[in-house]
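Colleague: Structure file upload.tsv (TSV, N, CA and C atoms) right here:
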chain	number	residue	atom	x	y	z
A	1	MET	N	0.84	-1.19	0.00
A	1	MET	CA	0.00	0.00	0.00
A	1	MET	C	0.88	1.25	0.00
A	2	LYS	N	0.53	2.21	-0.85
A	2	LYS	CA	1.32	3.43	-0.96
A	2	LYS	C	1.02	4.38	0.20
A	3	PRO	N	2.00	5.21	0.57
A	3	PRO	CA	1.81	6.16	1.67
A	3	PRO	C	0.77	7.22	1.33
A	4	SER	N	0.19	7.78	2.41
A	4	SER	CA	-0.79	8.85	2.29
A	4	SER	C	-0.30	10.10	3.01
A	5	VAL	N	-0.60	11.24	2.42
A	5	VAL	CA	-0.29	12.53	3.02
A	5	VAL	C	-1.59	13.17	3.47
A	6	GLU	N	-1.56	13.78	4.64
A	6	GLU	CA	-2.70	14.56	5.11
A	6	GLU	C	-2.24	15.99	5.34
A	7	ILE	N	-3.02	16.93	4.80
A	7	ILE	CA	-2.75	18.34	5.00
A	7	ILE	C	-3.91	18.89	5.82
A	8	GLU	N	-3.62	19.25	7.05
A	8	GLU	CA	-4.63	19.82	7.94
A	8	GLU	C	-4.45	21.33	7.94
A	9	TYR	N	-5.54	22.04	7.68
A	9	TYR	CA	-5.44	23.49	7.51
A	9	TYR	C	-6.57	24.19	8.27
A	10	CYS	N	-6.38	25.47	8.53
A	10	CYS	CA	-7.37	26.28	9.23
A	10	CYS	C	-8.33	26.91	8.22
A	11	PRO	N	-9.60	26.48	8.22
A	11	PRO	CA	-10.55	27.10	7.30
A	11	PRO	C	-10.88	28.55	7.67
A	12	GLY	N	-10.84	28.87	8.96
A	12	GLY	CA	-11.11	30.23	9.40
A	12	GLY	C	-10.06	31.22	8.93
A	13	CYS	N	-8.84	30.71	8.70
A	13	CYS	CA	-7.74	31.54	8.20
A	13	CYS	C	-7.75	31.62	6.68
A	14	ARG	N	-8.67	30.88	6.07
A	14	ARG	CA	-8.80	30.84	4.60
A	14	ARG	C	-7.58	30.20	3.94
A	15	TRP	N	-7.10	29.09	4.51
A	15	TRP	CA	-5.92	28.43	3.99
A	15	TRP	C	-6.24	27.24	3.09
A	16	LEU	N	-7.50	27.09	2.68
A	16	LEU	CA	-7.85	26.00	1.77
A	16	LEU	C	-7.08	26.09	0.46
A	17	LEU	N	-6.96	27.28	-0.12
A	17	LEU	CA	-6.22	27.41	-1.39
A	17	LEU	C	-4.76	27.01	-1.23
A	18	ARG	N	-4.14	27.41	-0.12
A	18	ARG	CA	-2.75	27.03	0.14
A	18	ARG	C	-2.64	25.51	0.29
A	19	ALA	N	-3.60	24.92	1.01
A	19	ALA	CA	-3.59	23.47	1.22
A	19	ALA	C	-3.80	22.73	-0.10
A	20	SER	N	-4.71	23.20	-0.94
A	20	SER	CA	-4.96	22.52	-2.21
A	20	SER	C	-3.79	22.68	-3.17
A	21	TRP	N	-3.15	23.85	-3.17
A	21	TRP	CA	-1.95	24.04	-4.00
A	21	TRP	C	-0.84	23.10	-3.53
A	22	THR	N	-0.69	22.98	-2.22
A	22	THR	CA	0.32	22.08	-1.66
A	22	THR	C	0.04	20.65	-2.09
A	23	ALA	N	-1.23	20.24	-2.01
A	23	ALA	CA	-1.62	18.89	-2.44
A	23	ALA	C	-1.28	18.67	-3.91
A	24	GLN	N	-1.58	19.64	-4.74
A	24	GLN	CA	-1.29	19.54	-6.17
A	24	GLN	C	0.20	19.38	-6.42
A	25	GLU	N	1.01	20.16	-5.74
A	25	GLU	CA	2.46	20.07	-5.90
A	25	GLU	C	2.99	18.69	-5.48
A	26	LEU	N	2.49	18.19	-4.36
A	26	LEU	CA	2.95	16.88	-3.88
A	26	LEU	C	2.49	15.76	-4.80
A	27	LEU	N	1.25	15.82	-5.28
A	27	LEU	CA	0.76	14.79	-6.20
A	27	LEU	C	1.50	14.83	-7.53
A	28	THR	N	1.85	16.00	-8.00
A	28	THR	CA	2.60	16.12	-9.25
A	28	THR	C	4.00	15.54	-9.10
A	29	THR	N	4.65	15.86	-7.99
A	29	THR	CA	6.02	15.40	-7.76
A	29	THR	C	6.09	13.91	-7.43
A	30	PHE	N	5.13	13.43	-6.64
A	30	PHE	CA	5.19	12.06	-6.14
A	30	PHE	C	4.04	11.20	-6.66
A	31	GLU	N	3.63	11.40	-7.91
A	31	GLU	CA	2.47	10.69	-8.43
A	31	GLU	C	2.63	9.17	-8.40
A	32	ALA	N	3.84	8.66	-8.56
A	32	ALA	CA	4.06	7.22	-8.54
A	32	ALA	C	4.20	6.67	-7.13
A	33	GLU	N	4.58	7.53	-6.18
A	33	GLU	CA	4.87	7.05	-4.82
A	33	GLU	C	3.70	7.20	-3.84
A	34	LEU	N	2.80	8.15	-4.09
A	34	LEU	CA	1.72	8.42	-3.14
A	34	LEU	C	0.43	7.71	-3.49
A	35	GLY	N	-0.26	7.24	-2.45
A	35	GLY	CA	-1.56	6.62	-2.64
A	35	GLY	C	-2.68	7.63	-2.54
A	36	ALA	N	-2.48	8.69	-1.75
A	36	ALA	CA	-3.52	9.70	-1.56
A	36	ALA	C	-2.95	10.93	-0.88
A	37	VAL	N	-3.61	12.06	-1.14
A	37	VAL	CA	-3.38	13.28	-0.38
A	37	VAL	C	-4.76	13.74	0.08
A	38	THR	N	-4.90	13.92	1.37
A	38	THR	CA	-6.17	14.29	1.97
A	38	THR	C	-6.07	15.69	2.55
A	39	LEU	N	-7.09	16.50	2.29
A	39	LEU	CA	-7.19	17.82	2.91
A	39	LEU	C	-8.18	17.71	4.06
A	40	ARG	N	-7.77	18.20	5.22
A	40	ARG	CA	-8.65	18.10	6.39
A	40	ARG	C	-8.73	19.44	7.09
A	41	PRO	N	-9.95	20.03	7.13
A	41	PRO	CA	-10.11	21.28	7.87
A	41	PRO	C	-9.91	21.03	9.36
A	42	SER	N	-9.17	21.90	10.00
A	42	SER	CA	-8.89	21.76	11.43
A	42	SER	C	-9.91	22.53	12.26
A	43	GLU	N	-10.14	22.05	13.44
A	43	GLU	CA	-10.99	22.76	14.38
A	43	GLU	C	-10.17	23.71	15.25
A	44	ILE	N	-8.85	23.67	15.07
A	44	ILE	CA	-7.94	24.50	15.85
A	44	ILE	C	-7.42	25.62	14.95
A	45	GLY	N	-7.66	26.86	15.35
A	45	GLY	CA	-7.25	28.02	14.56
A	45	GLY	C	-5.75	28.07	14.32
A	46	GLY	N	-5.37	28.52	13.13
A	46	GLY	CA	-3.96	28.72	12.80
A	46	GLY	C	-3.21	27.47	12.41
A	47	THR	N	-3.93	26.36	12.22
A	47	THR	CA	-3.28	25.09	11.91
A	47	THR	C	-2.92	24.97	10.44
A	48	PHE	N	-1.70	24.56	10.17
A	48	PHE	CA	-1.28	24.10	8.85
A	48	PHE	C	-0.24	23.03	9.12
A	49	ARG	N	-0.68	21.79	9.05
A	49	ARG	CA	0.16	20.65	9.44
A	49	ARG	C	0.15	19.61	8.32
A	50	VAL	N	1.31	19.04	8.03
A	50	VAL	CA	1.42	18.01	6.99
A	50	VAL	C	1.99	16.75	7.63
A	51	THR	N	1.28	15.63	7.40
A	51	THR	CA	1.75	14.35	7.92
A	51	THR	C	1.81	13.33	6.78
A	52	VAL	N	2.70	12.37	6.93
A	52	VAL	CA	2.83	11.25	6.00
A	52	VAL	C	2.60	9.99	6.82
A	53	ASP	N	1.51	9.29	6.53
A	53	ASP	CA	1.14	8.09	7.28
A	53	ASP	C	1.20	8.34	8.79
A	54	GLY	N	0.71	9.49	9.21
A	54	GLY	CA	0.65	9.83	10.63
A	54	GLY	C	1.90	10.44	11.21
A	55	VAL	N	2.99	10.50	10.44
A	55	VAL	CA	4.24	11.10	10.90
A	55	VAL	C	4.26	12.56	10.47
A	56	GLN	N	4.35	13.45	11.43
A	56	GLN	CA	4.35	14.88	11.12
A	56	GLN	C	5.65	15.28	10.44
A	57	VAL	N	5.51	15.93	9.27
A	57	VAL	CA	6.70	16.42	8.55
A	57	VAL	C	6.75	17.94	8.53
A	58	TRP	N	5.61	18.60	8.84
A	58	TRP	CA	5.63	20.06	8.94
A	58	TRP	C	4.48	20.53	9.81
A	59	ASP	N	4.76	21.50	10.67
A	59	ASP	CA	3.75	22.15	11.49
A	59	ASP	C	4.05	23.65	11.52
A	60	ARG	N	3.13	24.43	11.00
A	60	ARG	CA	3.34	25.88	10.92
A	60	ARG	C	3.56	26.49	12.29
A	61	LYS	N	2.85	26.02	13.29
A	61	LYS	CA	3.00	26.60	14.63
A	61	LYS	C	4.37	26.30	15.21
A	62	THR	N	4.86	25.10	15.02
A	62	THR	CA	6.18	24.73	15.53
A	62	THR	C	7.28	25.49	14.79
A	63	ALA	N	7.17	25.55	13.46
A	63	ALA	CA	8.19	26.21	12.65
A	63	ALA	C	8.07	27.74	12.68
A	64	GLY	N	6.87	28.23	12.99
A	64	GLY	CA	6.67	29.67	13.02
A	64	GLY	C	6.45	30.28	11.64
A	65	ARG	N	6.23	29.41	10.64
A	65	ARG	CA	6.04	29.88	9.26
A	65	ARG	C	5.51	28.73	8.42
A	66	PHE	N	5.08	29.08	7.22
A	66	PHE	CA	4.71	28.06	6.25
A	66	PHE	C	5.98	27.49	5.62
A	67	PRO	N	5.92	26.25	5.13
A	67	PRO	CA	7.11	25.69	4.49
A	67	PRO	C	7.30	26.26	3.09
A	68	GLU	N	8.54	26.36	2.67
A	68	GLU	CA	8.83	26.58	1.26
A	68	GLU	C	8.51	25.24	0.60
A	69	MET	N	7.99	25.27	-0.61
A	69	MET	CA	7.60	24.01	-1.26
A	69	MET	C	8.79	23.07	-1.41
A	70	LYS	N	9.95	23.64	-1.69
A	70	LYS	CA	11.17	22.83	-1.84
A	70	LYS	C	11.44	22.03	-0.56
A	71	GLU	N	11.37	22.68	0.59
A	71	GLU	CA	11.67	21.98	1.84
A	71	GLU	C	10.57	20.99	2.21
A	72	LEU	N	9.32	21.29	1.86
A	72	LEU	CA	8.25	20.34	2.14
A	72	LEU	C	8.39	19.10	1.28
A	73	LYS	N	8.72	19.29	0.00
A	73	LYS	CA	8.94	18.13	-0.88
A	73	LYS	C	10.09	17.28	-0.36
A	74	GLN	N	11.14	17.91	0.14
A	74	GLN	CA	12.27	17.15	0.70
A	74	GLN	C	11.82	16.35	1.92
A	75	ALA	N	11.02	16.97	2.79
A	75	ALA	CA	10.55	16.29	4.01
A	75	ALA	C	9.65	15.10	3.66
A	76	VAL	N	8.78	15.28	2.68
A	76	VAL	CA	7.91	14.18	2.25
A	76	VAL	C	8.74	13.09	1.59
A	77	ARG	N	9.66	13.47	0.72
A	77	ARG	CA	10.55	12.50	0.08
A	77	ARG	C	11.32	11.68	1.11
A	78	ASP	N	11.82	12.35	2.14
A	78	ASP	CA	12.60	11.64	3.15
A	78	ASP	C	11.76	10.57	3.85
A	79	GLN	N	10.45	10.73	3.88
A	79	GLN	CA	9.56	9.73	4.49
A	79	GLN	C	9.17	8.62	3.52
A	80	ILE	N	8.94	8.96	2.26
A	80	ILE	CA	8.36	7.97	1.34
A	80	ILE	C	9.35	7.37	0.35
A	81	ALA	N	10.42	8.08	0.01
A	81	ALA	CA	11.38	7.59	-0.99
A	81	ALA	C	12.74	8.25	-0.77
A	82	PRO	N	13.40	7.95	0.37
A	82	PRO	CA	14.63	8.66	0.72
A	82	PRO	C	15.74	8.56	-0.33
A	83	GLU	N	15.69	7.54	-1.17
A	83	GLU	CA	16.73	7.37	-2.19
A	83	GLU	C	16.49	8.25	-3.41
A	84	ARG	N	15.32	8.84	-3.51
A	84	ARG	CA	14.95	9.61	-4.71
A	84	ARG	C	15.58	11.00	-4.71
A	85	ASN	N	16.13	11.38	-5.87
A	85	ASN	CA	16.66	12.72	-6.06
A	85	ASN	C	15.56	13.58	-6.65
A	86	LEU	N	15.37	14.78	-6.10
A	86	LEU	CA	14.31	15.67	-6.55
A	86	LEU	C	14.78	16.69	-7.59
A	87	GLY	N	15.97	16.53	-8.11
A	87	GLY	CA	16.46	17.46	-9.12
A	87	GLY	C	16.58	18.87	-8.58
A	88	HIS	N	15.98	19.84	-9.25
A	88	HIS	CA	16.11	21.24	-8.85
A	88	HIS	C	15.46	21.54	-7.50
A	89	SER	N	14.58	20.65	-7.02
A	89	SER	CA	13.95	20.86	-5.72
A	89	SER	C	14.74	20.22	-4.58
A	90	ASP	N	15.92	19.73	-4.89
A	90	ASP	CA	16.70	19.05	-3.86
A	90	ASP	C	17.81	19.96	-3.33
A	91	THR	N	18.39	19.54	-2.22
A	91	THR	CA	19.51	20.29	-1.66
A	91	THR	C	20.72	20.14	-2.59
A	92	GLU	N	21.63	21.10	-2.50
A	92	GLU	CA	22.83	21.02	-3.34
A	92	GLU	C	23.60	19.75	-3.09
A	93	GLU	N	23.66	19.33	-1.83
A	93	GLU	CA	24.39	18.13	-1.45
A	93	GLU	C	23.80	16.89	-2.15
A	94	ARG	N	22.47	16.78	-2.14
A	94	ARG	CA	21.82	15.62	-2.74
A	94	ARG	C	21.81	15.69	-4.26
A	95	GLN	N	21.84	16.88	-4.84
A	95	GLN	CA	21.86	17.00	-6.31
A	95	GLN	C	23.11	16.35	-6.88
A	96	GLY	N	24.20	16.42	-6.12
A	96	GLY	CA	25.44	15.81	-6.58
A	96	GLY	C	25.39	14.30	-6.62
A	97	GLU	N	24.38	13.70	-5.97
A	97	GLU	CA	24.25	12.25	-5.94
A	97	GLU	C	23.61	11.69	-7.19
A	98	ALA	N	22.98	12.52	-8.00
A	98	ALA	CA	22.22	12.04	-9.15
A	98	ALA	C	23.07	11.34	-10.19
Please rewrite the model in this file as structure tokens.

Modeller:
Amino acid sequence: MKPSVEIEYCPGCRWLLRASWTAQELLTTFEAELGAVTLRPSEIGGTFRVTVDGVQVWDRKTAGRFPEMKELKQAVRDQIAPERNLGHSDTEERQGEA
């Protein structure tokens, strides 16, 4: 069974568009590796949290900011396909491994 990503977002903050864009980016990048991306409205204000099979890879409150897409893709990759090189979305160190 392929891994699933859940994006929990604050509907009161109007973050549905950010969450759906994030889902689109992850599905485009990891279309062969992911089984699903789920958007879940949070009952807790200010929430923007991303998990992979229940493992938290990003929390806006903990980080104090939204993730850059590059770093979120790296965090998801590290959970679902650590051997995969992300090309231009990867760190300089990992790009040299390609």

Colleague: Distance atom CA of A:Ser4-atom CA of A:Gly45, one decimal place?

Modeller: 23.7 Å

Colleague: Tell me, as a PDB file with N, CA and C atoms, keeping the file's coordinate frame, which residues lie within 9 Å of stretch 75-78 of chain A, counting only C-alpha atoms; anything in the same chain fewer than 6 positions away does not count.

Modeller:
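The file below, result.pdb, is the result:
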ATOM      1  N   VAL A   5      -0.600  11.240   2.420  1.00  0.00           N
ATOM      2  CA  VAL A   5      -0.290  12.530   3.020  1.00  0.00           C
ATOM      3  C   VAL A   5      -1.590  13.170   3.470  1.00  0.00           C
ATOM      4  N   LEU A  26       2.490  18.190  -4.360  1.00  0.00           N
ATOM      5  CA  LEU A  26       2.950  16.880  -3.880  1.00  0.00           C
ATOM      6  C   LEU A  26       2.490  15.760  -4.800  1.00  0.00           C
ATOM      7  N   PHE A  30       5.130  13.430  -6.640  1.00  0.00           N
ATOM      8  CA  PHE A  30       5.190  12.060  -6.140  1.00  0.00           C
ATOM      9  C   PHE A  30       4.040  11.200  -6.660  1.00  0.00           C
ATOM     10  N   VAL A  50       1.310  19.040   8.030  1.00  0.00           N
ATOM     11  CA  VAL A  50       1.420  18.010   6.990  1.00  0.00           C
ATOM     12  C   VAL A  50       1.990  16.750   7.630  1.00  0.00           C
ATOM     13  N   THR A  51       1.280  15.630   7.400  1.00  0.00           N
ATOM     14  CA  THR A  51       1.750  14.350   7.920  1.00  0.00           C
ATOM     15  C   THR A  51       1.810  13.330   6.780  1.00  0.00           C
ATOM     16  N   VAL A  52       2.700  12.370   6.930  1.00  0.00           N
ATOM     17  CA  VAL A  52       2.830  11.250   6.000  1.00  0.00           C
ATOM     18  C   VAL A  52       2.600   9.990   6.820  1.00  0.00           C
ATOM     19  N   VAL A  57       5.510  15.930   9.270  1.00  0.00           N
ATOM     20  CA  VAL A  57       6.700  16.420   8.550  1.00  0.00           C
ATOM     21  C   VAL A  57       6.750  17.940   8.530  1.00  0.00           C
ATOM     22  N   TRP A  58       5.610  18.600   8.840  1.00  0.00           N
ATOM     23  CA  TRP A  58       5.630  20.060   8.940  1.00  0.00           C
ATOM     24  C   TRP A  58       4.480  20.530   9.810  1.00  0.00           C
ATOM     25  N   ARG A  84      15.320   8.840  -3.510  1.00  0.00           N
ATOM     26  CA  ARG A  84      14.950   9.610  -4.710  1.00  0.00           C
ATOM     27  C   ARG A  84      15.580  11.000  -4.710  1.00  0.00           C
ATOM     28  N   ASN A  85      16.130  11.380  -5.870  1.00  0.00           N
ATOM     29  CA  ASN A  85      16.660  12.720  -6.060  1.00  0.00           C
ATOM     30  C   ASN A  85      15.560  13.580  -6.650  1.00  0.00           C
ATOM     31  N   LEU A  86      15.370  14.780  -6.100  1.00  0.00           N
ATOM     32  CA  LEU A  86      14.310  15.670  -6.550  1.00  0.00           C
ATOM     33  C   LEU A  86      14.780  16.690  -7.590  1.00  0.00           C
TER      34      LEU A  86
END

Colleague: Quick one: distance from atom CA of A:Ala63 to atom N of A:Lys2 in Å, one decimal?

Modeller: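 If I compute the distance from atom CA of A:Ala63 to atom N of A:Lys2, I get 28.6 Å.
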
Colleague: Work out how far apart atom N of A:Cys13 and atom CA of A:Ile80 are and give it in Å to one decimal.

Modeller: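 Separating atom N of A:Cys13 from atom CA of A:Ile80 is a distance of 29.4 Å.
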
Colleague: So that I can check the secondary structure, give me every residue of chain A assigned strand (DSSP E or B) by backbone DSSP, as a PyMOL selection string.

Modeller: chain A and resi 4-9+36-41+48-52+55-59

Colleague: Compare A:Arg60, A:Gln79, A:Ile44, A:Gln24 by their minimum atom-to-atom distance to A:Gly12, counting all atoms listed in the file, and give me the closest one.

Modeller: A:Ile44

Colleague: What parts of chain A does DSSP call alpha helix (DSSP H)? I'd like the answer as number ranges by chain.

Modeller: A: 16-29, 60-63, 69-80, 92-95

Colleague: From the set A:Met1, A:Ala19, A:Leu72, A:Ala81, which residue has the shortest atom-to-atom contact distance to A:Phe48, counting all atoms listed in the file?

Modeller: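 Closest to A:Phe48, using all atoms listed in the file: A:Ala19.
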
Colleague: Given the choices A:Ala32, A:Gln74, A:Ser20, A:Phe66, which gets closest to A:Arg49 if the distance is worked out from only C-alpha atoms?

Modeller: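 Using only C-alpha atoms, A:Arg49 sits closest to A:Phe66.
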
Colleague: Taking (-3.1, 10.8, 8.9) in the file's coordinates as the center, which residues reach within 6 Å of it, counting all atoms listed in the file, put as number ranges by chain?

Modeller: A: 6, 51, 53-54

Colleague: Using all atoms listed in the file, which of the listed residues (A:Ala36, A:Thr22, A:Glu43, A:Thr29) sits closest to A:Cys10?

Modeller: A:Glu43
